[in-house]
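Heads up, the thing below is written out as structure tokens.
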Amino acid sequence: MSSDVSPPLHDSLSIVNSEDIYHNDEWWKSVVRYQLNQNDDYEEVAVYLWHDDDGWTRKNKYVIKTIDAWETDKAIIERLFTETSSEVSSAQFPVSDYYELDGGETVFESDDWWKAILRISEKGSYETQEVMVYLWQEKDGQWRRRQKFTLKNQDKWNEQKEIVESLVDGKASSKTSSGTKSTEQTTATSKTRQNTTSSELEKLEQEMENHLSETLK
């Protein structure tokens with residue numbers, strides 16, 4: 001659903017294209033392709049969620065830096081929506097104890113950054129079946145959330161996936177490596193931070209390069 005009104009992005013970003021997922025008096029969710037600098041060809045795509053608190057305030061953001069990152073995330077999300085429950089504890093990930101997990105997978109983990117995709121079975125006293133994409137950053141000994149993308153159910157995912165893919169068309173990043181891994185190779189990329197070999201470190205660095213927004217570096 002296109003809108004005649006431009007999404008309320010930060011002034012430092014230049015909008016190239018956008019497509020609303022929904023937009024009402026209180027909430028606005030949109031997929032946006034933007035440039036970090038009008039004079040730079042580099043682009044990123046992100047899913048934004050804003051709330052009107054006497055002006056639009058950003059609540060969540062999920063950056064899709066490269067096509068490879070999108071293919072990795074998409075494969076994990078679809079698997080979590082279709083597979084049966086697995087033995088995953090909320091204690092394994094730095095999420096609020098308000099959530100109960102029954103599935104999840106780390107995309108990458110380093111000393112400073114951790115990206116994971118989780119399936120939520122309970123929110124407080126309510127049963128649910130949501131999938132959430134998280135990016136955390138380590139600060140002062142604690143993992144702090146930097147990005148989040150919530151998918152209420154598989155139908156919503158299928159709708160939003162189409163909108164995202166309409167903007168992720170090969171221009172999301174000019175920095176994709178010529179040695180890009182396939183989707184099969186990039187999924188299930190949980191990494192240990194100790195006793196890693198040089199090859200594993202190189203893979204981790206490439207995964208982070210594919211996923212981490214330039215605005216976070």
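Residue numbering restarts at 1 in every chain; chains get A, B, ... in the order shown in the structure tokens, and ligands count up from 1 in that same order.
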
Looking only at the backbone, which of the residues in stretch 38-109 of chain A does DSSP tag as helix (DSSP H, G or I), as a list of chain:residue names?
A:Ile67, A:Asp68, A:Ala69, A:Trp70, A:Glu71, A:Thr72, A:Asp73, A:Lys74, A:Ala75, A:Ile76, A:Ile77, A:Glu78, A:Arg79, A:Leu80, A:Phe81, A:Thr82, A:Ser90, A:Ala91, A:Gln92

Write out as a tab-separated table (two decimals) with C-alpha atoms, in the first residue's frame the residues lying within 12 Å of A:Gln147, counting only C-alpha atoms and excluding same-chain residues fewer than 2 positions away.
```tsv
chain	number	residue	atom	x	y	z
A	46	ALA	CA	14.69	-1.36	6.49
A	47	VAL	CA	11.31	-2.17	8.01
A	48	TYR	CA	10.24	0.61	10.39
A	49	LEU	CA	7.52	0.76	13.02
A	58	ARG	CA	10.32	5.09	16.03
A	59	LYS	CA	9.62	1.93	18.03
A	60	ASN	CA	11.33	-0.76	15.98
A	61	LYS	CA	13.65	-1.03	13.01
A	62	TYR	CA	14.94	-4.03	11.08
A	63	VAL	CA	17.69	-3.40	8.52
A	64	ILE	CA	18.17	-5.56	5.43
A	113	TRP	CA	26.95	-8.16	18.21
A	114	TRP	CA	24.36	-10.92	18.34
A	115	LYS	CA	21.60	-11.51	15.80
A	116	ALA	CA	18.95	-14.20	16.34
A	117	ILE	CA	15.50	-15.12	15.10
A	132	MET	CA	10.83	-12.01	16.01
A	133	VAL	CA	14.14	-10.93	14.50
A	134	TYR	CA	16.51	-9.42	17.07
A	135	LEU	CA	19.83	-7.63	16.90
A	136	TRP	CA	21.61	-6.94	20.20
A	137	GLN	CA	24.77	-4.99	20.99
A	143	TRP	CA	23.19	-7.25	25.65
A	144	ARG	CA	21.02	-4.31	24.60
A	145	ARG	CA	18.45	-4.51	21.81
A	149	PHE	CA	11.09	-7.07	13.69
A	150	THR	CA	7.87	-8.78	14.84
A	211	HIS	CA	23.94	-7.99	8.03
A	212	LEU	CA	25.15	-5.01	10.05
A	213	SER	CA	23.86	-1.62	8.90
A	215	THR	CA	24.54	3.30	10.55
A	216	LEU	CA	25.63	0.98	13.38
```

Find the residues near A:Val45: any atom within 8 Å, counting only C-alpha atoms, skip ones fewer than 5 places away on the same chain, and give them as a PyMOL selection string.
chain A and resi 31-34+63-65+167-168+172

Would you export the selected residues with N, CA and C atoms as a PDB file, in the first residue's frame, please?
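To be explicit, this is the file written out as result.pdb:
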```pdb
ATOM      1  N   VAL A  31       8.175  -0.285   4.772  1.00  0.00           N
ATOM      2  CA  VAL A  31       9.466  -0.747   4.268  1.00  0.00           C
ATOM      3  C   VAL A  31      10.066   0.393   3.457  1.00  0.00           C
ATOM      4  N   VAL A  32      11.296   0.762   3.768  1.00  0.00           N
ATOM      5  CA  VAL A  32      11.910   1.942   3.169  1.00  0.00           C
ATOM      6  C   VAL A  32      13.286   1.593   2.608  1.00  0.00           C
ATOM      7  N   ARG A  33      13.530   2.015   1.376  1.00  0.00           N
ATOM      8  CA  ARG A  33      14.896   1.992   0.842  1.00  0.00           C
ATOM      9  C   ARG A  33      15.435   3.408   0.966  1.00  0.00           C
ATOM     10  N   TYR A  34      16.629   3.540   1.518  1.00  0.00           N
ATOM     11  CA  TYR A  34      17.185   4.864   1.757  1.00  0.00           C
ATOM     12  C   TYR A  34      18.674   4.889   1.471  1.00  0.00           C
ATOM     13  N   VAL A  63      16.938  -3.753   9.723  1.00  0.00           N
ATOM     14  CA  VAL A  63      17.690  -3.405   8.523  1.00  0.00           C
ATOM     15  C   VAL A  63      17.992  -4.644   7.696  1.00  0.00           C
ATOM     16  N   ILE A  64      17.785  -4.528   6.382  1.00  0.00           N
ATOM     17  CA  ILE A  64      18.167  -5.564   5.431  1.00  0.00           C
ATOM     18  C   ILE A  64      19.275  -4.961   4.579  1.00  0.00           C
ATOM     19  N   LYS A  65      20.492  -5.248   4.956  1.00  0.00           N
ATOM     20  CA  LYS A  65      21.628  -4.585   4.305  1.00  0.00           C
ATOM     21  C   LYS A  65      21.933  -5.166   2.929  1.00  0.00           C
ATOM     22  N   LEU A 167      11.219  -4.184  -2.633  1.00  0.00           N
ATOM     23  CA  LEU A 167      12.240  -3.145  -2.495  1.00  0.00           C
ATOM     24  C   LEU A 167      13.656  -3.703  -2.467  1.00  0.00           C
ATOM     25  N   VAL A 168      13.790  -4.967  -2.055  1.00  0.00           N
ATOM     26  CA  VAL A 168      15.103  -5.609  -2.056  1.00  0.00           C
ATOM     27  C   VAL A 168      15.285  -6.237  -3.436  1.00  0.00           C
ATOM     28  N   ALA A 172      20.092  -3.123  -2.571  1.00  0.00           N
ATOM     29  CA  ALA A 172      20.145  -2.890  -1.129  1.00  0.00           C
ATOM     30  C   ALA A 172      21.552  -2.644  -0.637  1.00  0.00           C
TER      31      ALA A 172
END
```

Any idea what's packed within 9 Å of A:Met208, counting only C-alpha atoms, ignoring anything in its chain fewer than 6 positions away? Could you give it as a list in words?
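The contact residues come out as Phe108, Glu109, Ser110 and Trp113 of chain A.
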
Deliver the residues from the most recent selection as a file, using N, CA and C atoms, as a CSV table (one decimal), in the first residue's frame.
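The resulting file, selection_12.csv, is shown below:
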```
chain,number,residue,atom,x,y,z
A,108,PHE,N,24.3,-14.8,13.8
A,108,PHE,CA,25.7,-14.7,14.1
A,108,PHE,C,25.9,-14.1,15.5
A,109,GLU,N,27.0,-14.4,16.1
A,109,GLU,CA,27.3,-13.9,17.5
A,109,GLU,C,28.8,-13.6,17.5
A,110,SER,N,29.1,-12.4,18.0
A,110,SER,CA,30.5,-12.0,18.3
A,110,SER,C,30.6,-11.4,19.7
A,113,TRP,N,28.2,-8.1,18.9
A,113,TRP,CA,26.9,-8.2,18.2
A,113,TRP,C,26.4,-9.6,18.2
```

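With only C-alpha atoms as the atoms that count, the minimum distance from A:Val95 to the choices A:Ser166, A:Ser18, A:Gln206, A:Gln142 is reached by A:Gln142.
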
Using only C-alpha atoms, which of the listed residues (A:Asp53, A:Glu138, A:Glu207, A:Asp11) sits closest to A:Asp73?
A:Glu207

Which is closest to A:Trp28 among A:Glu200, A:Glu83, A:Asp169, A:Asp52, if we use only C-alpha atoms?
A:Asp52
